[in-house]
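Trainee: Handing you this structure, nothing more for now.
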Amino acid sequence: MEFKDIFFYLIALYILGTALMAVNTRKIFRASIWLLFSLIGVAALYFWLNLEFLAAVQVAVYVGGIVVLIIFSIFLTQKSGNQMAKTETTQTVFSALASLLGLAFLSLVLFQHSFGSDQNQELNASIENIGAQMLNPGEGGFLLPFEAVSMLLLAALVGSIVIAMKVKNKENA
Amino acid sequence: MTPVGLPHILFLSSCLFFIGMYGFFTRRNLITILMSLELMLNSVNINFVAFNKYLYPQNLSGIFFTIFIITIAAAEAAVAIAIIINLFRSSNSIDVIDAKEMKH
Amino acid sequence: MTNSTFILLIVGLPFLSFLLLILSSGSKLTQKVAGQIATLLMAVTFFFAAKLSLNYFASHLTQQTAELLVNYTWLEFGSGLAINMGVLLDSSSSMMLLVVTFISLMVHIFSLGYMHHEERIANYFAFLGLFTFSMLGLILSSNIFQIYIFWELVGVSSFLLIGFYYHKSSAVAAAKKAFIVTRFADLGFLIGILILGYYGESFDFTTLISRLGDVNSPQYKQITMAGFAGIQALSWGLILVFIGGAGKSAMFPLHIWLPDAMEGPTPVSALIHAATMVVAGVFLVARLFPIFTVATAAPLQIITYIGAFSALFAALIACTQTDIKRVLAYSTMSQIGFMMFSLGVIGDNGAGYNASLFHLFTHAFFKSLLFLGAGSIIHYVHSNEMEDMGGLRKKMPLTHISFLIACLAISGIPPFAGFFSKEAILHAAYTSNKMVFFVGIITSFLTAFYMFRLYFTIFWSIPEYPKTNEHGEGTWSMKLPLMVLTLASILVGFIPFSKYVNSNGIPVEGHLEIVFSIGPVLLSIAGILLAAYWFKTANTKPQRLAISMGNAFVWVRNKFYIDQLYLYITKEIVFKYFGKTAAYIDKNLIDGFYLSLAHFTGYFSFFIRGIQSGNVQHYALYFFGGILGLVSLLFYLLSY
């Protein structure tokens, strides 16, 4: 067993453990913090895969953006320290059963299937490469999806403002 | 023990996916459901990255998909939270069980 | 205009009146002018009907053949057997056409005055229109199935009109009784139709008569070969058809509905339960008369004896009743009994048939006159009971005269209408069946007696009716029909009826046997005198006699307890044993089965209702379960 493999197992354990805590804790603020840890773990996994740029994006967007957004919404809607409502036992049992069943099925398929691997070539995920490809309008370029996503972001921005905006004079309207 | 390869990472991502799913099924608070959703999205991202790295290292499609998914996840979270806040404003609760009517 | 256009108008206008009034009965305006509209339409109908009928008689002086004016195949069963819708015009239907439209018009006019204060006057006139339409359809039917359809329609309109005062429970009960009893009889009629239609291979009157009325035809041989319970199929068919007729015509023992039917408005009783619908049975037997004559004697003998018995039976009861309309109802039943036995005895050269239809014709006029007179009296006195009346002759002079003439006519006093037809019937009976003849003259004596009992109690009895009514005898619309009908009751007897209407289409010269008539007329006069002796002034003679007769009187007064017998049979036997068993089976076996189905569905639905919880997460769980199932199925299929 190589040193690198031990790292992988540690990262995996960390991701899964924090994720489990995130879905199981009864306090919503703690759940968001556990989620934050889990997402950092995923960033660590990207580092482990030598994908530094992706790891940076993960930390910046997920950790710095989404989780903060979630924490804000928690502050807006929840009283801190309150325990969340407990789910019915039957629902919990059935959900766990369904998840385990799905996992078992997927692992069965996973370990029965043999993936061929192309070890000859190394993935070139340098920032230059990513940037060049992303803004490349030609063959193998991702300019169009990039533009589409930017439109989507704009739309989401406007949409969320419209949705969350307080309607003034609701009674008069 | 075989060295860590694609199957290990895929197993990790499926575990993460089903943890997210479990949370999605059991949580009653809409914000925590959103969190579970983020977990599931992350597991998908891991899949994309792993496949790209181990099976198709000659191009970067998986990376790009991951980046786009992260972007969309951010947008989705923003919209979802806007909806949640709106819902909270109208029914004073963000429990899925209370959110039975689209209009108040 | 051709004859078929006439027919269309004659049948269509009353129906139009019905549709128009029933559909707009909600509007206030309609309620106001309903009577006028209906009467106008009826007058036009009468005009055309009279024209058509007189045309027919004028153009068929020497030979009254049947004319098929309209014929349209309605339902085809194959092999030549089809139900047609058509119009058959012959002497008897022409005569009925005249009677029905005339009486209907008179009743419409009378109702204008009599019913004007009613709330649902538009419905009333609508029902009258429906009745007139159905009755005209009945008499013009070209085949036995069509007559059955209109027969039922007539029953429905009779039901509607008897139950017109539906807020009175007695009227509702009477309507139901009339409908159920006649419907029960119609079951026999329907089976009879099927037997005759099956063997005769046709439903048309003309075809049926030419086949089954001919001893040499193959159909006749077949129907007389077949039989059930020792009686020929032909006899069965005819007897069953007669049962239907007996139900409508209130022959014993199916008469129980007629007296109760008097719960309806009085003009309705005049139209339906005196002049037109109740003689439908006579008309039906007359229609099939040629078949009756060639069949074995049994059906006609049954008709004769039931007719004679009903005549006497009803006359006896009529002597004891105190409700003026019930007396008239029993008298109607008695007179129809006359018509029936007259048909049954045949007589020389179809004399019985001629006399029967003649009596039907004259009876329609004087009996509707009696009923309208009774309506006028009831309108004045506000009571049906004879004891509330008396001394009315000065208060209601016109009603008095018309009632007297009608009484004389029904009693068979010359020269009024009833005399001619009744003498013809008695003479026909005398030449064929002496026993029936004696029943006939006894009944005729009783008729005179009870009619004049009615007359004297109403108009004499006490010197002067104590109260004066501000509305007097009634409006012109109530007086006019009385006058017209009085005139008719005097005159129609002089029509040489058998020249126009007869059994085989060959005119018969009517003859009056003066010597024969002396006896019955003297008996009738004796009846009148007896009634005058007892009832002309208020005294206790009738009561003393009634008491001295003891139980016999009580029996007659309670109508021989026939109603109670029916009640006993239905309540104690039919309901208790058959009804309860059927109810048990229905409730526990049939309902039980369906209820358990429902319960099962209910339980199952309750069980699966939990799935539709409205909880998004549950749906997501099911969704994921479904995906998992589908994917594993896919893998399972792909791996093999």
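In the structure tokens, chains take letters A, B, ... by order of appearance, with residues numbered from 1 within each chain and ligands from 1 in the order shown.
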Counting only C-alpha atoms, which residues from chain A have an atom at most 6 Å from any atom of chain B, and could you show them as an MDAnalysis selection string?

Mentor: chainID A and resid 5 23 66 92 95 99 117:118 123 153 156 160 163:164

Trainee: List the spatial neighbours of region 430-433 of chain C as a ChimeraX atom specification - criterion: any atom at most 9 Å away, only C-alpha atoms, same-chain residues fewer than 5 positions off excluded.

Mentor: /C:345-348,425,438

Trainee: I need the contact residues of chain C against chain B, so if you could list those with any atom within 7 Å, counting only C-alpha atoms, and return them as an mmCIF file with N, CA and C atoms, in the first residue's frame, that would help.

Mentor:
data_model
loop_
_atom_site.group_PDB
_atom_site.id
_atom_site.type_symbol
_atom_site.label_atom_id
_atom_site.label_comp_id
_atom_site.auth_asym_id
_atom_site.auth_seq_id
_atom_site.Cartn_x
_atom_site.Cartn_y
_atom_site.Cartn_z
ATOM 1 N N GLY C 614 -49.356 13.364 -0.221
ATOM 2 C CA GLY C 614 -49.137 14.787 -0.418
ATOM 3 C C GLY C 614 -47.754 15.204 0.030
ATOM 4 N N ASN C 615 -46.994 14.245 0.569
ATOM 5 C CA ASN C 615 -45.648 14.552 1.029
ATOM 6 C C ASN C 615 -44.657 14.296 -0.098
ATOM 7 N N GLN C 617 -41.537 14.016 -0.203
ATOM 8 C CA GLN C 617 -40.470 13.041 0.022
ATOM 9 C C GLN C 617 -40.952 11.621 -0.207
ATOM 10 N N LEU C 621 -39.412 9.022 -2.791
ATOM 11 C CA LEU C 621 -39.032 7.660 -2.413
ATOM 12 C C LEU C 621 -39.626 6.650 -3.398
#

Trainee: So, with only C-alpha atoms as the atoms that count, which of C:Trp555, C:Phe497, C:Phe624, C:Trp476 lies closest to chain A?

Mentor: C:Phe624

Trainee: List as a Markdown table every residue of chain C that is in contact with chain A, defined as an atom at most 10 Å from one of its atoms (using only C-alpha atoms), together with the nearest atom pair and the distance in Å rounded to one decimal, sorted by chain and then rising number.

Mentor:
| residue | atom | partner | partner_atom | distance |
| --- | --- | --- | --- | --- |
| C:Gln617 | CA | A:Gln91 | CA | 9.0 |
| C:His618 | CA | A:Gln91 | CA | 7.9 |
| C:Ala620 | CA | A:Ser95 | CA | 9.9 |
| C:Leu621 | CA | A:Ser95 | CA | 7.0 |
| C:Tyr622 | CA | A:Ala98 | CA | 9.5 |
| C:Phe624 | CA | A:Ala98 | CA | 7.9 |
| C:Gly625 | CA | A:Ala98 | CA | 7.0 |
| C:Ile627 | CA | A:Gly102 | CA | 9.7 |
| C:Leu628 | CA | A:Gly102 | CA | 6.8 |
| C:Gly629 | CA | A:Gly102 | CA | 9.8 |
| C:Val631 | CA | A:Phe105 | CA | 9.5 |
| C:Ser632 | CA | A:Phe105 | CA | 7.9 |
| C:Phe635 | CA | A:Val109 | CA | 8.9 |

Trainee: Okay, now the selection with C-alpha atoms, as a PDB file, in the first residue's frame?

Mentor:
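Final output, saved to out_22.pdb:
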ATOM      1  CA  GLN C 617     -40.470  13.041   0.022  1.00  0.00           C
ATOM      2  CA  HIS C 618     -42.763  10.042  -0.117  1.00  0.00           C
ATOM      3  CA  ALA C 620     -39.479  10.915  -4.249  1.00  0.00           C
ATOM      4  CA  LEU C 621     -39.032   7.660  -2.413  1.00  0.00           C
ATOM      5  CA  TYR C 622     -41.541   5.887  -4.664  1.00  0.00           C
ATOM      6  CA  PHE C 624     -36.524   6.195  -6.641  1.00  0.00           C
ATOM      7  CA  GLY C 625     -37.956   2.753  -5.861  1.00  0.00           C
ATOM      8  CA  ILE C 627     -36.148   3.687 -10.945  1.00  0.00           C
ATOM      9  CA  LEU C 628     -34.273   1.087  -8.945  1.00  0.00           C
ATOM     10  CA  GLY C 629     -36.762  -1.572 -10.011  1.00  0.00           C
ATOM     11  CA  VAL C 631     -32.819  -0.384 -13.736  1.00  0.00           C
ATOM     12  CA  SER C 632     -32.404  -3.755 -12.058  1.00  0.00           C
ATOM     13  CA  PHE C 635     -29.652  -5.150 -16.022  1.00  0.00           C
TER      14      PHE C 635
END

Trainee: Give me, as a ChimeraX atom specification, all polymer residues having an atom no more than 12 Å from Glu52 (chain A), counting only C-alpha atoms and skipping those fewer than 5 positions away in the same chain.

Mentor: /A:42-47,57-59,124-127,130 /B:63

Trainee: Take the residues just selected and output them with N, CA and C atoms as a compact mmCIF listing (two decimals), in the first residue's frame.

Mentor:
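out00.txt written:
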# COMPACT_ATOMS: atom_id res chain seq x y z
N VAL A 42 -14.16 17.16 -0.55
CA VAL A 42 -14.22 16.91 -1.99
C VAL A 42 -13.12 17.71 -2.69
N ALA A 43 -12.89 18.95 -2.19
CA ALA A 43 -11.80 19.75 -2.75
C ALA A 43 -10.46 19.05 -2.53
N ALA A 44 -10.31 18.45 -1.36
CA ALA A 44 -9.09 17.70 -1.07
C ALA A 44 -8.93 16.54 -2.04
N LEU A 45 -10.05 15.90 -2.36
CA LEU A 45 -10.01 14.79 -3.31
C LEU A 45 -9.52 15.30 -4.67
N TYR A 46 -9.97 16.49 -5.06
CA TYR A 46 -9.51 17.05 -6.33
C TYR A 46 -8.01 17.32 -6.28
N PHE A 47 -7.55 17.81 -5.13
CA PHE A 47 -6.10 17.98 -4.98
C PHE A 47 -5.39 16.66 -5.15
N VAL A 57 -11.74 26.05 -7.54
CA VAL A 57 -13.12 26.42 -7.86
C VAL A 57 -14.07 25.86 -6.82
N GLN A 58 -13.85 24.60 -6.46
CA GLN A 58 -14.71 23.94 -5.47
C GLN A 58 -14.75 24.75 -4.18
N VAL A 59 -13.53 25.13 -3.72
CA VAL A 59 -13.47 25.88 -2.47
C VAL A 59 -14.12 27.25 -2.64
N ASN A 124 -3.72 16.67 -18.85
CA ASN A 124 -3.12 18.00 -18.77
C ASN A 124 -4.18 19.00 -18.36
N ALA A 125 -4.32 19.22 -17.03
CA ALA A 125 -5.37 20.10 -16.54
C ALA A 125 -4.79 21.39 -16.02
N SER A 126 -3.83 21.90 -16.74
CA SER A 126 -3.26 23.18 -16.31
C SER A 126 -4.23 24.30 -16.60
N ILE A 127 -4.09 25.40 -15.89
CA ILE A 127 -5.03 26.50 -16.03
C ILE A 127 -5.02 27.05 -17.44
N ILE A 130 -7.06 24.74 -19.63
CA ILE A 130 -8.50 24.87 -19.37
C ILE A 130 -9.01 26.17 -19.94
N ILE B 63 -13.77 17.72 -16.81
CA ILE B 63 -13.45 18.89 -16.00
C ILE B 63 -14.45 20.01 -16.29

Trainee: For Thr362 (chain C), work out the shell of residues within 10 Å, counting only C-alpha atoms and skipping chain neighbours fewer than 5 positions away, then give it as a PyMOL selection string.

Mentor: chain C and resi 99+275+357+367+409-410+416-422+488-493

Trainee: Gly375 (chain C): which residues within 12 Å, counting only C-alpha atoms, same-chain residues fewer than 2 positions away excluded, as a ChimeraX atom specification?

Mentor: /C:107,110-111,113-115,262,264-271,324-325,328,368-373,377-384,399,403,473-474,478-479,481-482

Trainee: Dump C-alpha atoms for the selected residues as an mmCIF file, in the first residue's frame?

Mentor:
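So the final result, stored in part.cif, reads:
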data_model
loop_
_atom_site.group_PDB
_atom_site.id
_atom_site.type_symbol
_atom_site.label_atom_id
_atom_site.label_comp_id
_atom_site.auth_asym_id
_atom_site.auth_seq_id
_atom_site.Cartn_x
_atom_site.Cartn_y
_atom_site.Cartn_z
ATOM 1 C CA VAL C 107 -114.301 19.534 -21.616
ATOM 2 C CA PHE C 110 -115.850 23.713 -19.463
ATOM 3 C CA SER C 111 -112.427 23.643 -17.826
ATOM 4 C CA GLY C 113 -114.448 28.192 -16.214
ATOM 5 C CA TYR C 114 -114.084 25.305 -13.836
ATOM 6 C CA MET C 115 -110.326 25.380 -13.456
ATOM 7 C CA MET C 262 -112.841 10.400 -9.367
ATOM 8 C CA GLY C 264 -109.147 13.911 -10.367
ATOM 9 C CA PRO C 265 -110.711 17.182 -11.502
ATOM 10 C CA THR C 266 -114.331 16.655 -12.550
ATOM 11 C CA PRO C 267 -113.928 17.681 -16.216
ATOM 12 C CA VAL C 268 -111.205 15.057 -16.437
ATOM 13 C CA SER C 269 -113.608 12.470 -15.125
ATOM 14 C CA ALA C 270 -116.026 13.557 -17.819
ATOM 15 C CA LEU C 271 -113.460 13.192 -20.558
ATOM 16 C CA ILE C 324 -122.104 12.095 -6.494
ATOM 17 C CA LYS C 325 -119.058 11.350 -8.627
ATOM 18 C CA LEU C 328 -121.558 8.365 -11.771
ATOM 19 C CA SER C 368 -119.979 13.566 -20.048
ATOM 20 C CA LEU C 369 -122.996 15.831 -19.665
ATOM 21 C CA LEU C 370 -123.728 14.201 -16.319
ATOM 22 C CA PHE C 371 -120.146 14.641 -15.197
ATOM 23 C CA LEU C 372 -119.945 18.239 -16.336
ATOM 24 C CA GLY C 373 -123.260 18.853 -14.603
ATOM 25 C CA ILE C 377 -122.886 21.366 -8.931
ATOM 26 C CA ILE C 378 -119.669 20.670 -7.069
ATOM 27 C CA HIS C 379 -118.435 24.070 -8.148
ATOM 28 C CA TYR C 380 -121.538 25.576 -6.576
ATOM 29 C CA VAL C 381 -121.792 23.480 -3.430
ATOM 30 C CA HIS C 382 -118.064 22.827 -2.832
ATOM 31 C CA SER C 383 -118.741 19.261 -1.837
ATOM 32 C CA ASN C 384 -119.027 15.871 -3.464
ATOM 33 C CA THR C 399 -127.761 22.557 -14.752
ATOM 34 C CA PHE C 403 -128.964 16.961 -15.654
ATOM 35 C CA GLU C 473 -124.084 28.658 -11.817
ATOM 36 C CA GLY C 474 -120.797 29.467 -13.421
ATOM 37 C CA MET C 478 -119.301 26.274 -18.075
ATOM 38 C CA LYS C 479 -122.830 26.750 -19.331
ATOM 39 C CA PRO C 481 -120.853 22.846 -22.951
ATOM 40 C CA LEU C 482 -123.843 21.874 -20.843
#

Trainee: Which residues come within 12 Å of region 171-183 of chain C, counting only C-alpha atoms, excluding same-chain residues fewer than 6 positions away, as a PyMOL selection string?

Mentor: chain C and resi 148+151-165+189-190+243-265+273+277-278+280-281+563+566-567

Trainee: Suppose we keep C-alpha atoms; can you now write the selection as a PDB file, in the first residue's frame?

Mentor:
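As a result, part05.pdb now contains:
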ATOM      1  CA  TYR C 148    -100.610  -0.803 -27.267  1.00  0.00           C
ATOM      2  CA  TRP C 151    -102.863   2.552 -24.785  1.00  0.00           C
ATOM      3  CA  GLU C 152    -100.033   3.040 -22.320  1.00  0.00           C
ATOM      4  CA  LEU C 153     -99.777   6.741 -23.149  1.00  0.00           C
ATOM      5  CA  VAL C 154    -103.456   7.091 -22.377  1.00  0.00           C
ATOM      6  CA  GLY C 155    -102.797   5.340 -19.088  1.00  0.00           C
ATOM      7  CA  VAL C 156     -99.995   7.759 -18.292  1.00  0.00           C
ATOM      8  CA  SER C 157    -102.059  10.839 -19.016  1.00  0.00           C
ATOM      9  CA  SER C 158    -104.909   9.387 -16.993  1.00  0.00           C
ATOM     10  CA  PHE C 159    -102.438   8.838 -14.151  1.00  0.00           C
ATOM     11  CA  LEU C 160    -101.219  12.422 -14.417  1.00  0.00           C
ATOM     12  CA  LEU C 161    -104.722  13.830 -14.413  1.00  0.00           C
ATOM     13  CA  ILE C 162    -106.064  11.691 -11.586  1.00  0.00           C
ATOM     14  CA  GLY C 163    -103.104  12.770  -9.516  1.00  0.00           C
ATOM     15  CA  PHE C 164    -103.473  16.402 -10.564  1.00  0.00           C
ATOM     16  CA  TYR C 165    -104.200  17.449  -6.982  1.00  0.00           C
ATOM     17  CA  PHE C 189    -102.833  -7.434 -23.277  1.00  0.00           C
ATOM     18  CA  LEU C 190     -99.169  -7.577 -24.245  1.00  0.00           C
ATOM     19  CA  ILE C 243    -108.069  -8.644 -20.037  1.00  0.00           C
ATOM     20  CA  GLY C 244    -106.219  -5.550 -21.183  1.00  0.00           C
ATOM     21  CA  GLY C 245    -109.473  -4.079 -22.391  1.00  0.00           C
ATOM     22  CA  ALA C 246    -111.202  -5.021 -19.160  1.00  0.00           C
ATOM     23  CA  GLY C 247    -108.529  -3.226 -17.176  1.00  0.00           C
ATOM     24  CA  LYS C 248    -108.979   0.025 -19.083  1.00  0.00           C
ATOM     25  CA  SER C 249    -112.746  -0.316 -19.201  1.00  0.00           C
ATOM     26  CA  ALA C 250    -113.031  -1.141 -15.511  1.00  0.00           C
ATOM     27  CA  MET C 251    -114.721  -4.510 -15.884  1.00  0.00           C
ATOM     28  CA  PHE C 252    -115.108  -6.727 -12.851  1.00  0.00           C
ATOM     29  CA  PRO C 253    -112.752  -7.654 -11.171  1.00  0.00           C
ATOM     30  CA  LEU C 254    -110.388  -4.959 -12.466  1.00  0.00           C
ATOM     31  CA  HIS C 255    -112.872  -2.151 -11.832  1.00  0.00           C
ATOM     32  CA  ILE C 256    -111.505  -1.022  -8.491  1.00  0.00           C
ATOM     33  CA  TRP C 257    -109.530   1.895  -9.892  1.00  0.00           C
ATOM     34  CA  LEU C 258    -112.415   3.697 -11.576  1.00  0.00           C
ATOM     35  CA  PRO C 259    -114.340   4.974  -8.519  1.00  0.00           C
ATOM     36  CA  ASP C 260    -111.092   6.167  -6.955  1.00  0.00           C
ATOM     37  CA  ALA C 261    -110.120   7.882 -10.189  1.00  0.00           C
ATOM     38  CA  MET C 262    -112.841  10.400  -9.367  1.00  0.00           C
ATOM     39  CA  GLU C 263    -110.234  12.114  -7.216  1.00  0.00           C
ATOM     40  CA  GLY C 264    -109.147  13.911 -10.367  1.00  0.00           C
ATOM     41  CA  PRO C 265    -110.711  17.182 -11.502  1.00  0.00           C
ATOM     42  CA  HIS C 273    -113.292   8.260 -17.014  1.00  0.00           C
ATOM     43  CA  MET C 277    -110.603   6.249 -22.248  1.00  0.00           C
ATOM     44  CA  VAL C 278    -112.768   3.797 -20.377  1.00  0.00           C
ATOM     45  CA  ALA C 280    -111.103   1.906 -25.100  1.00  0.00           C
ATOM     46  CA  GLY C 281    -111.635  -1.690 -24.011  1.00  0.00           C
ATOM     47  CA  ASP C 563    -111.194  -3.327  -2.367  1.00  0.00           C
ATOM     48  CA  TYR C 566    -107.526  -6.801  -2.985  1.00  0.00           C
ATOM     49  CA  LEU C 567    -105.851  -5.191  -0.021  1.00  0.00           C
TER      50      LEU C 567
END

Trainee: Please report the interatomic distance between CA of Gly12 (chain C) and CA of Leu140 (chain C) in Å with one decimal.

Mentor: 12.8 Å

Trainee: Just want the 12 Å neighbourhood of Gly17 (chain A), counted on only C-alpha atoms, with same-chain residues fewer than 4 positions away dropped. Output as a list in words.

Mentor: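 Close residues of Gly17 (chain A): Tyr9, Leu10, Ile11, Ala12, Leu13, Met21, Ala22, Val23, Asn24, Thr25, Trp34, Leu35, Phe37, Ser38, Leu39 and Gly41 of chain A; Leu12, Cys15, Leu16 and Ile19 of chain B.
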
Trainee: Quote the spacing between CA of Leu487 (chain C) and CA of Ile405 (chain C) in Å to one decimal place.

Mentor: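 Computing it gives 9.3 Å between the two atoms.
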
Trainee: Determine which residues of chain B DSSP labels as helix (DSSP H, G or I) from the backbone of this structure, then write them out as a compact mmCIF listing (two decimals) with C-alpha atoms, in the first residue's frame.

Mentor:
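Produced file states.txt, reproduced below:
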# COMPACT_ATOMS: atom_id res chain seq x y z
CA LEU B 6 -11.26 4.25 -10.72
CA PRO B 7 -13.54 1.73 -8.91
CA HIS B 8 -12.53 3.08 -5.52
CA ILE B 9 -13.31 6.61 -6.46
CA LEU B 10 -16.57 5.56 -8.05
CA PHE B 11 -17.53 3.67 -4.91
CA LEU B 12 -16.76 6.76 -2.87
CA SER B 13 -18.94 8.86 -5.13
CA SER B 14 -21.84 6.39 -4.97
CA CYS B 15 -21.58 6.33 -1.19
CA LEU B 16 -21.73 10.09 -1.16
CA PHE B 17 -24.63 10.06 -3.59
CA PHE B 18 -26.69 7.71 -1.43
CA ILE B 19 -25.87 9.63 1.71
CA GLY B 20 -27.23 12.68 -0.07
CA MET B 21 -30.22 10.74 -1.15
CA TYR B 22 -30.86 9.51 2.35
CA GLY B 23 -30.78 13.09 3.52
CA PHE B 24 -33.10 14.10 0.71
CA PHE B 25 -35.62 11.46 1.80
CA THR B 26 -35.48 12.03 5.52
CA LEU B 30 -36.16 22.60 2.88
CA ILE B 31 -32.69 24.07 3.50
CA THR B 32 -31.30 20.75 4.64
CA ILE B 33 -32.90 19.12 1.61
CA LEU B 34 -30.98 21.62 -0.48
CA MET B 35 -27.81 20.61 1.35
CA SER B 36 -28.42 16.97 0.56
CA LEU B 37 -28.87 17.97 -3.03
CA GLU B 38 -25.47 19.63 -2.97
CA LEU B 39 -23.94 16.41 -1.68
CA MET B 40 -25.45 14.51 -4.55
CA LEU B 41 -24.18 17.06 -7.06
CA ASN B 42 -20.72 16.72 -5.61
CA SER B 43 -20.77 12.97 -5.98
CA VAL B 44 -21.67 13.44 -9.63
CA ASN B 45 -18.79 15.86 -10.01
CA ILE B 46 -16.40 13.32 -8.55
CA ASN B 47 -17.66 10.80 -11.09
CA PHE B 48 -17.06 13.16 -14.00
CA VAL B 49 -13.58 14.01 -12.83
CA ALA B 50 -12.64 10.40 -12.14
CA PHE B 51 -13.84 9.16 -15.51
CA ASN B 52 -12.03 11.97 -17.25
CA LYS B 53 -8.81 11.28 -15.42
CA TYR B 54 -8.70 7.51 -15.66
CA SER B 61 -14.67 17.30 -21.03
CA GLY B 62 -15.19 15.93 -17.54
CA ILE B 63 -13.45 18.89 -16.00
CA PHE B 64 -15.59 21.28 -17.95
CA PHE B 65 -18.75 19.47 -16.97
CA THR B 66 -17.72 19.72 -13.38
CA ILE B 67 -17.08 23.42 -13.69
CA PHE B 68 -20.43 23.97 -15.36
CA ILE B 69 -22.19 21.86 -12.75
CA ILE B 70 -20.62 23.90 -9.98
CA THR B 71 -21.79 27.06 -11.70
CA ILE B 72 -25.27 25.75 -12.19
CA ALA B 73 -25.34 24.50 -8.62
CA ALA B 74 -24.57 27.98 -7.46
CA ALA B 75 -27.35 29.41 -9.59
CA GLU B 76 -29.70 26.67 -8.45
CA ALA B 77 -28.89 27.32 -4.81
CA ALA B 78 -29.56 31.00 -5.26
CA VAL B 79 -32.94 30.40 -6.90
CA ALA B 80 -33.88 27.69 -4.43
CA ILE B 81 -33.07 29.90 -1.49
CA ALA B 82 -35.09 32.70 -3.00
CA ILE B 83 -38.03 30.32 -3.27
CA ILE B 84 -37.48 29.09 0.29
CA ILE B 85 -37.43 32.62 1.64
CA ASN B 86 -40.56 33.45 -0.27
CA LEU B 87 -42.24 30.36 1.07
CA PHE B 88 -41.15 31.20 4.57
CA ARG B 89 -42.61 34.64 4.17
CA SER B 90 -46.00 33.34 3.09
CA SER B 91 -46.42 30.32 5.36

Trainee: How many Å lie between CA of Asn502 (chain C) and CA of Thr65 (chain C), rounded to one decimal?

Mentor: 10.7 Å
